[in-house]
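Colleague: Sharing a structure with you now.
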Amino acid sequence: MADDTAKSTDDLPHSPGPAGGWGSMKGIASIYGETWASPGALDGLRRLNKPKGVMCVSCAWPKPANYSAFEFCENGAKATLWELTKDRCTPDFFSADGHTVTELREWSDHELEKSGRLTHPMKYDAASDRYVPIDWDEAFAQIGATLRDLPRDDVVFYASGHAGLEASYLYALLARAYGNNNLPQSSNMCHETTSVGLTKVIGSPVGTVTFDDLAETDCYFYFGQNPGTNSPRFLHNLKDLKDRGGKIVTFNPVIEQGLVSFIDPQNPLAMMTGKETIISDQYHQLKSGGDVAAILGLCKVVVEADDAAQAAETHEVIDHDFIKQHTTGFDEFIACCRDTKWADIEQASGLTEAALRDAAQIYIESEKTIGVYGMGFTQHTHGALNIAMMVNLLLLKGNIGRPGTGCCPVRGHSNVQGQRTVGIAEKAHLVPLDRLKELFDFNPPSKDGMHIVDAVQGLIEGRVRGFVSLGGNLVRAVPDQKRMEEGWSSQDITVMVSTKLNRSHLFPGKSAYILPCLGRSEMDEQATGNQAVTSEDSFSMINGSIGHRPAASPHLKSELEIVAGIAKATLDPNPKLKWDAWTADYSLVRDLIEATYPDDFRDFNKRMFQPGGFWRGNPAAERIWKTDSGKAVITTPPQLDSLGFKDKPGRYRLLTMRSNDQFNTTIYGYSDRFRGIEGTRDVVLMNPDDIAEAGLSNGDSVRLVADYDGDDIERHLGGLKLVAYKLPRGTIAGYYPECNVLVPITHHDQISKTPASKSIPVRIEVA
């Protein structure tokens, strides 16, 4: 195994450059060189995010109808080239010296993935501690036999957010025909707070904006999201706003370079001259967990300005007609705004009254505002309260449901939203069970299934005995990593549908299978020809995708074909469950999706390649509020932060972050150039004044220790280099997923159970 962290780390952090520009091109070139992807992979990039092309396997940022010559970003290119690598992880890899499962646990996440594309179905052999090849039919038969013998409630069907709508629909159907709603999904770990929190206040589980709104808005208020790393194509929309004179106000504990400046890599003049676009007009580094107080301060200024306008009999600031017709809870919230003292707001947010007044003035002066947020907003003990507060701010001026306004949560994985739309959901009431019964002649279970938190707790306690994973690296992705590893390997069966080797494969159950699948860029040849698949982006747009590259191995199957193979081997015969016909022609599955969700998927097959996708629609975007009251809810905050713990001496708020060289748990390399961190991920970033106050020094070797009240389980992460960094006092930062070992599975948002990974109470000790 090569040492893939050999660069010097003595002088961190280095100076970061702007987002985009030559740094972006170098990042793509480095991955191309490392993967040795074929020249044909570059043709795949040319087709990316265009009609009759491939929809990116990376983030869920929408695809414009009026696309450019190169409609991909650095991260999309990395994900595509990483998938189209020439490296292969064949059965010979697993039989080589030093490649037992136990020995492979010593490899880094990066090195595991660099072993290349999986080529054959594999089964774990405990006697040799190795994976060995197995025939597809035999694998399906053995999996089916084991699943049939297990109690139905003890098996979980997890999905990572990658598989297309067709495979996802059939996967959910498989689980319900099997007998449970145990269908947790990766959104449980990131934007479930959006699904629950937005539904509570505006009646919609998803954002309300489209590209038309982005083209018309005057202003973005931007919370806890990093476009430079997580959604680089969004940078073009931010630049477009700045070019037409709009304003961007950012709230984030970390200075993220994509929200500071951007060089458009598709603009030759900008690339030649280094001309930057300054993105944020104001950048406010609030404390981790300080968003509630910050937004309350903004609203307090809006209320004061409206009071003054009414006293002077001038144009009102608050849209009182909208408030009266469309909202509830206004009076109580306004009283809270007036009564809360600025000293309390400043203490809780970490921002000054003057800074918040400056930010609020931009909001007051802007006619059309969009609220943007990411996981820095959702992953707190009271993350749903953050969302409710942002909605409060937007509602005060009627900034939802008219052109150029709305809520814009930025989702992660490419089809994480769409999988929920077509039935991968543990909550039974979210799925039209009556239609499933009518279409397929069986009684779907009506009892709610397991959320990912429930599933992990079930694994730790030994109640979950079988796990099927449609994509993902769940052992690495979830909190309570050490206990998760033990629980995962104690199961009767683990089945993972994967493209590459990852850490979850290295903790096999009593019987364990790796089922290798096609990548989205690859041709999916079935009986009726090369099949298209579809996905849903962050704007609720549905896009078709069709692969054009040859398969990495002739032994691979598509995700849909694998789902069908498991289903046929597991379920009792049912003439209405036509797995072979659906595998032969995916358009038949799209017909089923349309029949199950007719309002969302009208004329599905006809519209799937519409440029920019077709919109599912969103009642809240039309000011139809599907809440209990029939109105949008203005929320009075019960507290001024989103934390589930109190500050105390020696306790810090740790936020986890992703580098520029990773996508979720996939680590492409060790260059986080936007933060100036090169050659390592084993760092903890800390304010220089906090370092001095703690009696530490920049460059010290330290370990983080979890500091939860009432939790007697020791959780720690050592071998970290302390790096002085511009952060708010009391807030420190480290990388995900390494810091997951510090988070108990019980540390989550109170209503969505999303892990609170952006505000983890920890202590720092000298190693």
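To be explicit about the labels: the chains of the structure tokens are called A, B, and onward in the order shown, and within each one the residues are counted from 1, while ligands get numbers from 1 in the order they are shown.
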Could you name the residues that touch range 45-58 of chain A at 10 Å or less, counting only C-alpha atoms, but leaving out those on the same chain fewer than 4 positions away, as an mmCIF file with N, CA, C and O atoms, in the first residue's frame?

Modeller:
```
data_model
loop_
_atom_site.group_PDB
_atom_site.id
_atom_site.type_symbol
_atom_site.label_atom_id
_atom_site.label_comp_id
_atom_site.auth_asym_id
_atom_site.auth_seq_id
_atom_site.Cartn_x
_atom_site.Cartn_y
_atom_site.Cartn_z
ATOM 1 N N GLY A 40 -11.927 8.460 -23.693
ATOM 2 C CA GLY A 40 -13.372 8.523 -23.880
ATOM 3 C C GLY A 40 -14.104 9.125 -22.702
ATOM 4 O O GLY A 40 -15.232 9.608 -22.841
ATOM 5 N N ALA A 41 -13.450 9.110 -21.526
ATOM 6 C CA ALA A 41 -14.071 9.721 -20.349
ATOM 7 C C ALA A 41 -14.260 11.219 -20.555
ATOM 8 O O ALA A 41 -15.207 11.813 -20.029
ATOM 9 N N PRO A 62 -29.285 21.768 -9.985
ATOM 10 C CA PRO A 62 -30.081 21.583 -11.204
ATOM 11 C C PRO A 62 -29.287 21.787 -12.497
ATOM 12 O O PRO A 62 -28.198 22.357 -12.510
ATOM 13 N N LYS A 63 -29.912 21.325 -13.571
ATOM 14 C CA LYS A 63 -29.324 21.397 -14.897
ATOM 15 C C LYS A 63 -30.090 22.435 -15.706
ATOM 16 O O LYS A 63 -31.293 22.314 -15.893
ATOM 17 N N PRO A 64 -29.441 23.489 -16.196
ATOM 18 C CA PRO A 64 -30.166 24.550 -16.900
ATOM 19 C C PRO A 64 -30.668 24.107 -18.265
ATOM 20 O O PRO A 64 -30.048 23.282 -18.941
ATOM 21 N N ALA A 65 -31.805 24.682 -18.675
ATOM 22 C CA ALA A 65 -32.331 24.392 -20.009
ATOM 23 C C ALA A 65 -31.416 24.968 -21.084
ATOM 24 O O ALA A 65 -31.200 24.358 -22.131
ATOM 25 N N ASN A 66 -30.871 26.150 -20.817
ATOM 26 C CA ASN A 66 -29.949 26.787 -21.756
ATOM 27 C C ASN A 66 -28.522 26.488 -21.296
ATOM 28 O O ASN A 66 -27.872 27.309 -20.649
ATOM 29 N N TYR A 67 -28.049 25.313 -21.641
ATOM 30 C CA TYR A 67 -26.791 24.835 -21.104
ATOM 31 C C TYR A 67 -25.608 25.419 -21.872
ATOM 32 O O TYR A 67 -25.711 25.843 -23.026
ATOM 33 N N SER A 68 -24.458 25.425 -21.212
ATOM 34 C CA SER A 68 -23.228 25.917 -21.825
ATOM 35 C C SER A 68 -22.482 24.767 -22.497
ATOM 36 O O SER A 68 -22.877 23.602 -22.402
ATOM 37 N N ALA A 69 -21.370 25.097 -23.142
ATOM 38 C CA ALA A 69 -20.592 24.066 -23.836
ATOM 39 C C ALA A 69 -20.075 23.022 -22.847
ATOM 40 O O ALA A 69 -20.043 21.825 -23.138
ATOM 41 N N PHE A 70 -19.671 23.489 -21.666
ATOM 42 C CA PHE A 70 -19.184 22.587 -20.624
ATOM 43 C C PHE A 70 -20.047 22.788 -19.392
ATOM 44 O O PHE A 70 -19.859 23.741 -18.630
ATOM 45 N N GLU A 71 -20.991 21.885 -19.197
ATOM 46 C CA GLU A 71 -21.969 22.045 -18.119
ATOM 47 C C GLU A 71 -21.595 21.139 -16.942
ATOM 48 O O GLU A 71 -22.401 20.396 -16.412
ATOM 49 N N PHE A 72 -20.311 21.204 -16.571
ATOM 50 C CA PHE A 72 -19.866 20.439 -15.412
ATOM 51 C C PHE A 72 -18.915 21.292 -14.593
ATOM 52 O O PHE A 72 -18.357 22.286 -15.073
ATOM 53 N N CYS A 73 -18.731 20.898 -13.343
ATOM 54 C CA CYS A 73 -17.852 21.634 -12.447
ATOM 55 C C CYS A 73 -16.682 20.734 -12.054
ATOM 56 O O CYS A 73 -16.592 19.573 -12.465
ATOM 57 N N ASN A 75 -16.041 19.291 -9.178
ATOM 58 C CA ASN A 75 -16.435 18.095 -8.438
ATOM 59 C C ASN A 75 -17.180 17.095 -9.311
ATOM 60 O O ASN A 75 -17.044 15.879 -9.137
ATOM 61 N N GLY A 76 -17.991 17.594 -10.251
ATOM 62 C CA GLY A 76 -18.663 16.694 -11.177
ATOM 63 C C GLY A 76 -17.672 15.962 -12.060
ATOM 64 O O GLY A 76 -17.817 14.757 -12.334
ATOM 65 N N ALA A 77 -16.640 16.681 -12.502
ATOM 66 C CA ALA A 77 -15.609 16.048 -13.320
ATOM 67 C C ALA A 77 -14.846 15.004 -12.508
ATOM 68 O O ALA A 77 -14.549 13.900 -12.993
ATOM 69 N N LYS A 78 -14.531 15.345 -11.258
ATOM 70 C CA LYS A 78 -13.825 14.382 -10.404
ATOM 71 C C LYS A 78 -14.655 13.117 -10.214
ATOM 72 O O LYS A 78 -14.138 11.992 -10.303
ATOM 73 N N ALA A 79 -15.946 13.287 -9.924
ATOM 74 C CA ALA A 79 -16.806 12.124 -9.695
ATOM 75 C C ALA A 79 -16.896 11.251 -10.941
ATOM 76 O O ALA A 79 -16.874 10.011 -10.852
ATOM 77 N N THR A 80 -16.986 11.886 -12.105
ATOM 78 C CA THR A 80 -17.093 11.133 -13.358
ATOM 79 C C THR A 80 -15.803 10.392 -13.669
ATOM 80 O O THR A 80 -15.813 9.200 -14.011
ATOM 81 N N LEU A 81 -14.667 11.084 -13.542
ATOM 82 C CA LEU A 81 -13.383 10.448 -13.824
ATOM 83 C C LEU A 81 -13.068 9.364 -12.797
ATOM 84 O O LEU A 81 -12.474 8.332 -13.136
ATOM 85 N N GLU A 83 -15.230 7.477 -11.388
ATOM 86 C CA GLU A 83 -16.050 6.329 -11.768
ATOM 87 C C GLU A 83 -15.489 5.629 -13.004
ATOM 88 O O GLU A 83 -15.573 4.408 -13.132
ATOM 89 N N GLY A 161 -28.873 7.533 -2.173
ATOM 90 C CA GLY A 161 -29.163 8.768 -2.908
ATOM 91 C C GLY A 161 -28.601 8.785 -4.313
ATOM 92 O O GLY A 161 -28.754 9.765 -5.033
ATOM 93 N N HIS A 162 -27.968 7.681 -4.730
ATOM 94 C CA HIS A 162 -27.364 7.625 -6.064
ATOM 95 C C HIS A 162 -28.281 7.003 -7.103
ATOM 96 O O HIS A 162 -28.435 7.527 -8.208
ATOM 97 N N ALA A 163 -28.889 5.871 -6.803
ATOM 98 C CA ALA A 163 -29.658 5.116 -7.796
ATOM 99 C C ALA A 163 -30.767 5.960 -8.405
ATOM 100 O O ALA A 163 -31.383 6.798 -7.738
ATOM 101 N N ASN A 230 -19.216 21.980 -2.533
ATOM 102 C CA ASN A 230 -20.368 21.081 -2.588
ATOM 103 C C ASN A 230 -21.275 21.269 -3.795
ATOM 104 O O ASN A 230 -22.008 20.349 -4.161
ATOM 105 N N SER A 231 -21.280 22.446 -4.406
ATOM 106 C CA SER A 231 -22.149 22.685 -5.573
ATOM 107 C C SER A 231 -21.535 23.767 -6.452
ATOM 108 O O SER A 231 -22.111 24.847 -6.612
ATOM 109 N N GLY A 412 -27.386 17.340 -1.408
ATOM 110 C CA GLY A 412 -26.098 16.720 -1.671
ATOM 111 C C GLY A 412 -26.128 15.753 -2.825
ATOM 112 O O GLY A 412 -25.950 16.126 -3.977
ATOM 113 N N HIS A 413 -26.401 14.480 -2.568
ATOM 114 C CA HIS A 413 -26.273 13.441 -3.585
ATOM 115 C C HIS A 413 -27.261 13.654 -4.732
ATOM 116 O O HIS A 413 -28.332 14.220 -4.567
ATOM 117 N N SER A 414 -26.885 13.159 -5.903
ATOM 118 C CA SER A 414 -27.538 13.504 -7.156
ATOM 119 C C SER A 414 -29.019 13.158 -7.211
ATOM 120 O O SER A 414 -29.784 13.836 -7.889
ATOM 121 N N ASN A 415 -29.460 12.101 -6.507
ATOM 122 C CA ASN A 415 -30.881 11.751 -6.547
ATOM 123 C C ASN A 415 -31.440 11.542 -5.145
ATOM 124 O O ASN A 415 -32.414 10.819 -4.956
ATOM 125 N N GLY A 519 -21.895 2.040 -13.447
ATOM 126 C CA GLY A 519 -21.940 3.458 -13.140
ATOM 127 C C GLY A 519 -22.918 4.158 -14.070
ATOM 128 O O GLY A 519 -23.282 3.627 -15.126
ATOM 129 N N ARG A 520 -23.330 5.345 -13.681
ATOM 130 C CA ARG A 520 -24.331 6.059 -14.479
ATOM 131 C C ARG A 520 -23.810 6.441 -15.855
ATOM 132 O O ARG A 520 -24.582 6.613 -16.805
ATOM 133 N N SER A 521 -22.495 6.583 -15.983
ATOM 134 C CA SER A 521 -21.922 6.960 -17.280
ATOM 135 C C SER A 521 -21.856 5.804 -18.256
ATOM 136 O O SER A 521 -21.569 6.009 -19.441
ATOM 137 N N GLU A 522 -22.117 4.589 -17.778
ATOM 138 C CA GLU A 522 -21.915 3.394 -18.597
ATOM 139 C C GLU A 522 -23.210 2.933 -19.255
ATOM 140 O O GLU A 522 -24.303 3.144 -18.719
ATOM 141 N N ALA A 532 -32.287 4.252 -20.318
ATOM 142 C CA ALA A 532 -32.150 5.549 -19.658
ATOM 143 C C ALA A 532 -32.673 5.442 -18.235
ATOM 144 O O ALA A 532 -33.537 4.614 -17.932
ATOM 145 N N VAL A 533 -32.135 6.276 -17.366
ATOM 146 C CA VAL A 533 -32.646 6.393 -16.004
ATOM 147 C C VAL A 533 -32.931 7.865 -15.735
ATOM 148 O O VAL A 533 -32.535 8.739 -16.510
ATOM 149 N N THR A 534 -33.596 8.145 -14.635
ATOM 150 C CA THR A 534 -33.970 9.520 -14.329
ATOM 151 C C THR A 534 -33.603 9.851 -12.887
ATOM 152 O O THR A 534 -33.413 8.972 -12.049
ATOM 153 N N SER A 535 -33.510 11.149 -12.609
ATOM 154 C CA SER A 535 -33.211 11.626 -11.267
ATOM 155 C C SER A 535 -33.913 12.962 -11.050
ATOM 156 O O SER A 535 -34.365 13.610 -11.995
ATOM 157 N N GLU A 536 -33.993 13.364 -9.777
ATOM 158 C CA GLU A 536 -34.637 14.629 -9.399
ATOM 159 C C GLU A 536 -33.613 15.515 -8.706
ATOM 160 O O GLU A 536 -32.911 15.070 -7.786
ATOM 161 N N ASP A 537 -33.524 16.778 -9.122
ATOM 162 C CA ASP A 537 -32.529 17.668 -8.537
ATOM 163 C C ASP A 537 -33.120 18.507 -7.402
ATOM 164 O O ASP A 537 -34.265 18.312 -6.992
ATOM 165 N N ASN A 543 -34.909 14.792 -14.672
ATOM 166 C CA ASN A 543 -34.068 14.726 -15.866
ATOM 167 C C ASN A 543 -33.754 13.290 -16.242
ATOM 168 O O ASN A 543 -33.471 12.455 -15.377
ATOM 169 N N GLY A 544 -33.759 13.013 -17.539
ATOM 170 C CA GLY A 544 -33.319 11.725 -18.039
ATOM 171 C C GLY A 544 -31.813 11.670 -18.187
ATOM 172 O O GLY A 544 -31.156 12.699 -18.384
ATOM 173 N N SER A 545 -31.259 10.469 -18.078
ATOM 174 C CA SER A 545 -29.815 10.276 -18.167
ATOM 175 C C SER A 545 -29.562 8.970 -18.899
ATOM 176 O O SER A 545 -30.213 7.959 -18.633
ATOM 177 N N ILE A 546 -28.606 8.982 -19.817
ATOM 178 C CA ILE A 546 -28.296 7.754 -20.552
ATOM 179 C C ILE A 546 -26.784 7.625 -20.695
ATOM 180 O O ILE A 546 -26.101 8.571 -21.099
ATOM 181 N N GLY A 547 -26.251 6.465 -20.311
ATOM 182 C CA GLY A 547 -24.819 6.241 -20.363
ATOM 183 C C GLY A 547 -24.331 5.916 -21.760
ATOM 184 O O GLY A 547 -25.055 5.316 -22.569
ATOM 185 N N HIS A 548 -23.082 6.288 -22.032
ATOM 186 C CA HIS A 548 -22.505 6.054 -23.358
ATOM 187 C C HIS A 548 -21.157 5.345 -23.302
ATOM 188 O O HIS A 548 -20.604 5.001 -24.351
ATOM 189 N N MET A 608 -39.097 13.205 -20.157
ATOM 190 C CA MET A 608 -37.901 12.967 -19.359
ATOM 191 C C MET A 608 -36.630 13.605 -19.930
ATOM 192 O O MET A 608 -35.684 13.876 -19.184
ATOM 193 N N PHE A 609 -36.597 13.865 -21.241
ATOM 194 C CA PHE A 609 -35.420 14.496 -21.824
ATOM 195 C C PHE A 609 -35.657 15.970 -22.179
ATOM 196 O O PHE A 609 -34.912 16.554 -22.963
ATOM 197 N N GLN A 610 -36.669 16.554 -21.585
ATOM 198 C CA GLN A 610 -36.919 17.984 -21.774
ATOM 199 C C GLN A 610 -35.714 18.770 -21.258
ATOM 200 O O GLN A 610 -35.256 18.547 -20.142
ATOM 201 N N PRO A 611 -35.161 19.706 -22.049
ATOM 202 C CA PRO A 611 -33.988 20.460 -21.585
ATOM 203 C C PRO A 611 -34.253 21.134 -20.236
ATOM 204 O O PRO A 611 -35.264 21.807 -20.052
ATOM 205 N N GLY A 612 -33.356 20.912 -19.307
ATOM 206 C CA GLY A 612 -33.537 21.459 -17.966
ATOM 207 C C GLY A 612 -34.429 20.617 -17.083
ATOM 208 O O GLY A 612 -34.556 20.889 -15.887
ATOM 209 N N GLY A 613 -35.053 19.584 -17.655
ATOM 210 C CA GLY A 613 -35.942 18.727 -16.887
ATOM 211 C C GLY A 613 -37.352 19.271 -16.813
ATOM 212 O O GLY A 613 -37.634 20.402 -17.206
ATOM 213 N N PHE A 663 -16.128 13.769 -1.910
ATOM 214 C CA PHE A 663 -17.571 13.831 -2.072
ATOM 215 C C PHE A 663 -18.164 12.852 -1.076
ATOM 216 O O PHE A 663 -17.973 11.630 -1.206
ATOM 217 N N ASN A 664 -18.852 13.372 -0.077
ATOM 218 C CA ASN A 664 -19.360 12.546 1.016
ATOM 219 C C ASN A 664 -18.208 11.718 1.604
ATOM 220 O O ASN A 664 -17.200 12.273 1.999
#
```

Colleague: So that I can see what lies close to Asp711 in chain A, please list as a VMD selection string the residues with an atom at most 12 Å from it, counting only C-alpha atoms and leaving out residues fewer than 6 positions away in the same chain.

Modeller: chain A and resid 742 to 747 761

Colleague: Determine which residues of range 564-698 of chain A receive a DSSP assignment of alpha helix (DSSP H), computed from the backbone, and state them as an NGL selection string.

Modeller: :A and (564-570 or 579-584 or 586-596 or 604-607 or 688-693)

Colleague: Write out, as an mmCIF file, in the first residue's frame, the residues just selected, with N, CA and C atoms.

Modeller:
```cif
data_model
loop_
_atom_site.group_PDB
_atom_site.id
_atom_site.type_symbol
_atom_site.label_atom_id
_atom_site.label_comp_id
_atom_site.auth_asym_id
_atom_site.auth_seq_id
_atom_site.Cartn_x
_atom_site.Cartn_y
_atom_site.Cartn_z
ATOM 1 N N ALA A 564 -34.017 -6.302 -8.945
ATOM 2 C CA ALA A 564 -34.957 -7.307 -9.454
ATOM 3 C C ALA A 564 -34.473 -8.721 -9.140
ATOM 4 N N GLY A 565 -33.163 -8.946 -9.237
ATOM 5 C CA GLY A 565 -32.627 -10.264 -8.940
ATOM 6 C C GLY A 565 -32.833 -10.651 -7.486
ATOM 7 N N ILE A 566 -32.613 -9.720 -6.575
ATOM 8 C CA ILE A 566 -32.860 -9.987 -5.155
ATOM 9 C C ILE A 566 -34.346 -10.242 -4.918
ATOM 10 N N ALA A 567 -35.176 -9.434 -5.554
ATOM 11 C CA ALA A 567 -36.630 -9.565 -5.357
ATOM 12 C C ALA A 567 -37.124 -10.936 -5.816
ATOM 13 N N LYS A 568 -36.700 -11.364 -6.985
ATOM 14 C CA LYS A 568 -37.170 -12.657 -7.500
ATOM 15 C C LYS A 568 -36.744 -13.814 -6.601
ATOM 16 N N ALA A 569 -35.554 -13.685 -6.008
ATOM 17 C CA ALA A 569 -35.052 -14.765 -5.164
ATOM 18 C C ALA A 569 -35.642 -14.731 -3.755
ATOM 19 N N THR A 570 -36.243 -13.606 -3.379
ATOM 20 C CA THR A 570 -36.689 -13.420 -1.999
ATOM 21 C C THR A 570 -38.198 -13.525 -1.841
ATOM 22 N N TRP A 579 -40.780 -8.543 -12.550
ATOM 23 C CA TRP A 579 -39.395 -8.120 -12.438
ATOM 24 C C TRP A 579 -38.627 -8.277 -13.748
ATOM 25 N N ASP A 580 -38.845 -9.357 -14.476
ATOM 26 C CA ASP A 580 -38.120 -9.566 -15.731
ATOM 27 C C ASP A 580 -38.523 -8.547 -16.791
ATOM 28 N N ALA A 581 -39.805 -8.272 -16.896
ATOM 29 C CA ALA A 581 -40.276 -7.295 -17.885
ATOM 30 C C ALA A 581 -39.755 -5.898 -17.546
ATOM 31 N N TRP A 582 -39.743 -5.571 -16.276
ATOM 32 C CA TRP A 582 -39.264 -4.245 -15.867
ATOM 33 C C TRP A 582 -37.766 -4.109 -16.109
ATOM 34 N N THR A 583 -37.024 -5.203 -15.931
ATOM 35 C CA THR A 583 -35.592 -5.167 -16.204
ATOM 36 C C THR A 583 -35.333 -5.000 -17.702
ATOM 37 N N ALA A 584 -36.158 -5.610 -18.506
ATOM 38 C CA ALA A 584 -35.971 -5.536 -19.956
ATOM 39 C C ALA A 584 -36.259 -4.147 -20.506
ATOM 40 N N TYR A 586 -37.019 -0.225 -18.976
ATOM 41 C CA TYR A 586 -37.204 0.683 -17.836
ATOM 42 C C TYR A 586 -38.365 1.650 -18.034
ATOM 43 N N SER A 587 -38.779 1.837 -19.284
ATOM 44 C CA SER A 587 -39.911 2.737 -19.514
ATOM 45 C C SER A 587 -41.170 2.197 -18.838
ATOM 46 N N LEU A 588 -41.257 0.875 -18.684
ATOM 47 C CA LEU A 588 -42.403 0.284 -17.987
ATOM 48 C C LEU A 588 -42.398 0.674 -16.512
ATOM 49 N N VAL A 589 -41.221 0.817 -15.939
ATOM 50 C CA VAL A 589 -41.126 1.256 -14.544
ATOM 51 C C VAL A 589 -41.552 2.715 -14.432
ATOM 52 N N ARG A 590 -41.173 3.515 -15.419
ATOM 53 C CA ARG A 590 -41.614 4.920 -15.394
ATOM 54 C C ARG A 590 -43.128 5.018 -15.526
ATOM 55 N N ASP A 591 -43.731 4.106 -16.276
ATOM 56 C CA ASP A 591 -45.195 4.070 -16.329
ATOM 57 C C ASP A 591 -45.774 3.765 -14.950
ATOM 58 N N LEU A 592 -45.133 2.873 -14.210
ATOM 59 C CA LEU A 592 -45.594 2.554 -12.855
ATOM 60 C C LEU A 592 -45.447 3.764 -11.930
ATOM 61 N N ILE A 593 -44.339 4.474 -12.059
ATOM 62 C CA ILE A 593 -44.139 5.677 -11.238
ATOM 63 C C ILE A 593 -45.231 6.691 -11.533
ATOM 64 N N GLU A 594 -45.545 6.866 -12.806
ATOM 65 C CA GLU A 594 -46.613 7.795 -13.184
ATOM 66 C C GLU A 594 -47.955 7.332 -12.631
ATOM 67 N N ALA A 595 -48.217 6.038 -12.669
ATOM 68 C CA ALA A 595 -49.484 5.525 -12.147
ATOM 69 C C ALA A 595 -49.577 5.686 -10.638
ATOM 70 N N THR A 596 -48.445 5.625 -9.958
ATOM 71 C CA THR A 596 -48.429 5.750 -8.504
ATOM 72 C C THR A 596 -48.457 7.202 -8.065
ATOM 73 N N PHE A 604 -44.576 11.053 -18.080
ATOM 74 C CA PHE A 604 -43.192 10.873 -17.638
ATOM 75 C C PHE A 604 -42.267 10.523 -18.797
ATOM 76 N N ASN A 605 -42.560 9.473 -19.509
ATOM 77 C CA ASN A 605 -41.659 9.032 -20.579
ATOM 78 C C ASN A 605 -41.520 10.062 -21.690
ATOM 79 N N LYS A 606 -42.559 10.829 -21.931
ATOM 80 C CA LYS A 606 -42.508 11.832 -23.000
ATOM 81 C C LYS A 606 -41.653 13.034 -22.613
ATOM 82 N N ARG A 607 -41.616 13.347 -21.310
ATOM 83 C CA ARG A 607 -40.982 14.600 -20.884
ATOM 84 C C ARG A 607 -39.593 14.425 -20.282
ATOM 85 N N PRO A 688 -6.791 31.367 16.874
ATOM 86 C CA PRO A 688 -5.496 31.569 17.557
ATOM 87 C C PRO A 688 -5.633 32.016 19.005
ATOM 88 N N ASP A 689 -6.621 32.865 19.306
ATOM 89 C CA ASP A 689 -6.806 33.305 20.691
ATOM 90 C C ASP A 689 -7.256 32.154 21.582
ATOM 91 N N ASP A 690 -8.088 31.260 21.041
ATOM 92 C CA ASP A 690 -8.480 30.076 21.807
ATOM 93 C C ASP A 690 -7.278 29.168 22.062
ATOM 94 N N ILE A 691 -6.398 29.051 21.062
ATOM 95 C CA ILE A 691 -5.194 28.231 21.228
ATOM 96 C C ILE A 691 -4.344 28.769 22.374
ATOM 97 N N ALA A 692 -4.136 30.085 22.358
ATOM 98 C CA ALA A 692 -3.311 30.695 23.403
ATOM 99 C C ALA A 692 -3.966 30.557 24.772
ATOM 100 N N GLU A 693 -5.277 30.789 24.847
ATOM 101 C CA GLU A 693 -5.985 30.715 26.122
ATOM 102 C C GLU A 693 -5.938 29.312 26.707
#
```

Colleague: Which residue gives the smallest distance to Lys510 in chain A among A:Ser759, A:Ala127, A:Leu269, A:Asp319, with only C-alpha atoms counted?

Modeller: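 Ranked by minimum distance to Lys510 in chain A, first place goes to A:Ala127.
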
Colleague: Using only C-alpha atoms, which of A:Trp107, A:Tyr178, A:Phe539, A:Tyr736 sits nearest Asp572 in chain A?

Modeller: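 Ranking A:Trp107, A:Tyr178, A:Phe539, A:Tyr736 by distance to Asp572 in chain A, first place goes to A:Tyr178.
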
Colleague: Any idea what's packed within 10 Å of Val249 in chain A, counting only C-alpha atoms, ignoring anything in its chain fewer than 6 positions away? Could you give it as a count of residues only?

Modeller: 18
